[in-house]
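A.B. asks: The structure is given below, and queries will be raised subsequently.
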Amino acid sequence: MKINALSFGRKQRASASDGSRPDKPLDAAWIVLEAANDLGDLATVEVCRRVIDAGLNGRQAAAYDLHVISEYFR
């Protein structure tokens, strides 16, 4: 069963019409954080926190962490 962002009621932070592009890994990390937190998946919560922290501080997240985020709902 695949779950997408709309099933969590999350909306993109920016629309295509305003010329900016949402940060995909950061958006995905917030969605996965919400799901992992609901499921009590503490390891994934920590991965999400690292990705979010890196994104908010202008750093590149670790490749492994990004992989966990991108594969979470598969």
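By convention in this document, the chains of the structure tokens carry letters A, B, ... by their order, each chain's residues are numbered from 1, and ligands are numbered from 1 in the order they are shown.
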Which residues, written as a PDB file with C-alpha atoms, in the first residue's frame, have at least one atom at most 12 Å from segment 69-72 of chain A, with only C-alpha atoms counted and residues fewer than 2 positions away on the same chain left out?
C.D. replies:
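File produced: result.pdb:
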```pdb
ATOM      1  CA  MET A   1       0.000   0.000   0.000  1.00  0.00           C
ATOM      2  CA  LYS A   2       1.492   3.315  -1.057  1.00  0.00           C
ATOM      3  CA  ILE A   3       0.739   6.473   0.863  1.00  0.00           C
ATOM      4  CA  ASN A   4       1.325   9.870  -0.644  1.00  0.00           C
ATOM      5  CA  LYS A  24      11.764  17.806  -2.058  1.00  0.00           C
ATOM      6  CA  PRO A  25      13.966  15.907   0.449  1.00  0.00           C
ATOM      7  CA  LEU A  26      12.954  18.270   3.240  1.00  0.00           C
ATOM      8  CA  ASP A  27       9.251  17.982   2.392  1.00  0.00           C
ATOM      9  CA  ALA A  28       9.524  14.199   2.200  1.00  0.00           C
ATOM     10  CA  ALA A  29      11.351  14.104   5.538  1.00  0.00           C
ATOM     11  CA  TRP A  30       8.496  15.968   7.241  1.00  0.00           C
ATOM     12  CA  ILE A  31       5.936  13.542   5.783  1.00  0.00           C
ATOM     13  CA  VAL A  32       7.951  10.478   6.778  1.00  0.00           C
ATOM     14  CA  LEU A  33       8.604  11.981  10.232  1.00  0.00           C
ATOM     15  CA  GLU A  34       4.869  12.277  10.806  1.00  0.00           C
ATOM     16  CA  ALA A  35       4.228   8.671   9.764  1.00  0.00           C
ATOM     17  CA  ALA A  36       7.220   7.230  11.634  1.00  0.00           C
ATOM     18  CA  ASP A  41       9.465   3.973  14.475  1.00  0.00           C
ATOM     19  CA  ALA A  43      15.050   4.871  14.168  1.00  0.00           C
ATOM     20  CA  THR A  44      13.300   6.498  11.219  1.00  0.00           C
ATOM     21  CA  VAL A  45      12.313   9.487  13.358  1.00  0.00           C
ATOM     22  CA  GLU A  46      16.025  10.073  14.026  1.00  0.00           C
ATOM     23  CA  VAL A  47      16.820   9.793  10.299  1.00  0.00           C
ATOM     24  CA  CYS A  48      14.104  12.349   9.536  1.00  0.00           C
ATOM     25  CA  ARG A  49      15.429  14.709  12.175  1.00  0.00           C
ATOM     26  CA  ARG A  50      18.921  14.535  10.665  1.00  0.00           C
ATOM     27  CA  VAL A  51      17.585  15.268   7.162  1.00  0.00           C
ATOM     28  CA  ILE A  52      15.427  18.133   8.410  1.00  0.00           C
ATOM     29  CA  ALA A  61      21.933  15.257   4.169  1.00  0.00           C
ATOM     30  CA  ALA A  62      23.727  11.916   4.213  1.00  0.00           C
ATOM     31  CA  ALA A  63      22.993   9.677   1.222  1.00  0.00           C
ATOM     32  CA  TYR A  64      21.869   6.818   3.483  1.00  0.00           C
ATOM     33  CA  ASP A  65      19.397   9.076   5.293  1.00  0.00           C
ATOM     34  CA  LEU A  66      17.963  10.319   1.998  1.00  0.00           C
ATOM     35  CA  HIS A  67      17.608   6.698   0.850  1.00  0.00           C
ATOM     36  CA  ARG A  74       7.534   1.413  -0.603  1.00  0.00           C
TER      37      ARG A  74
END
```
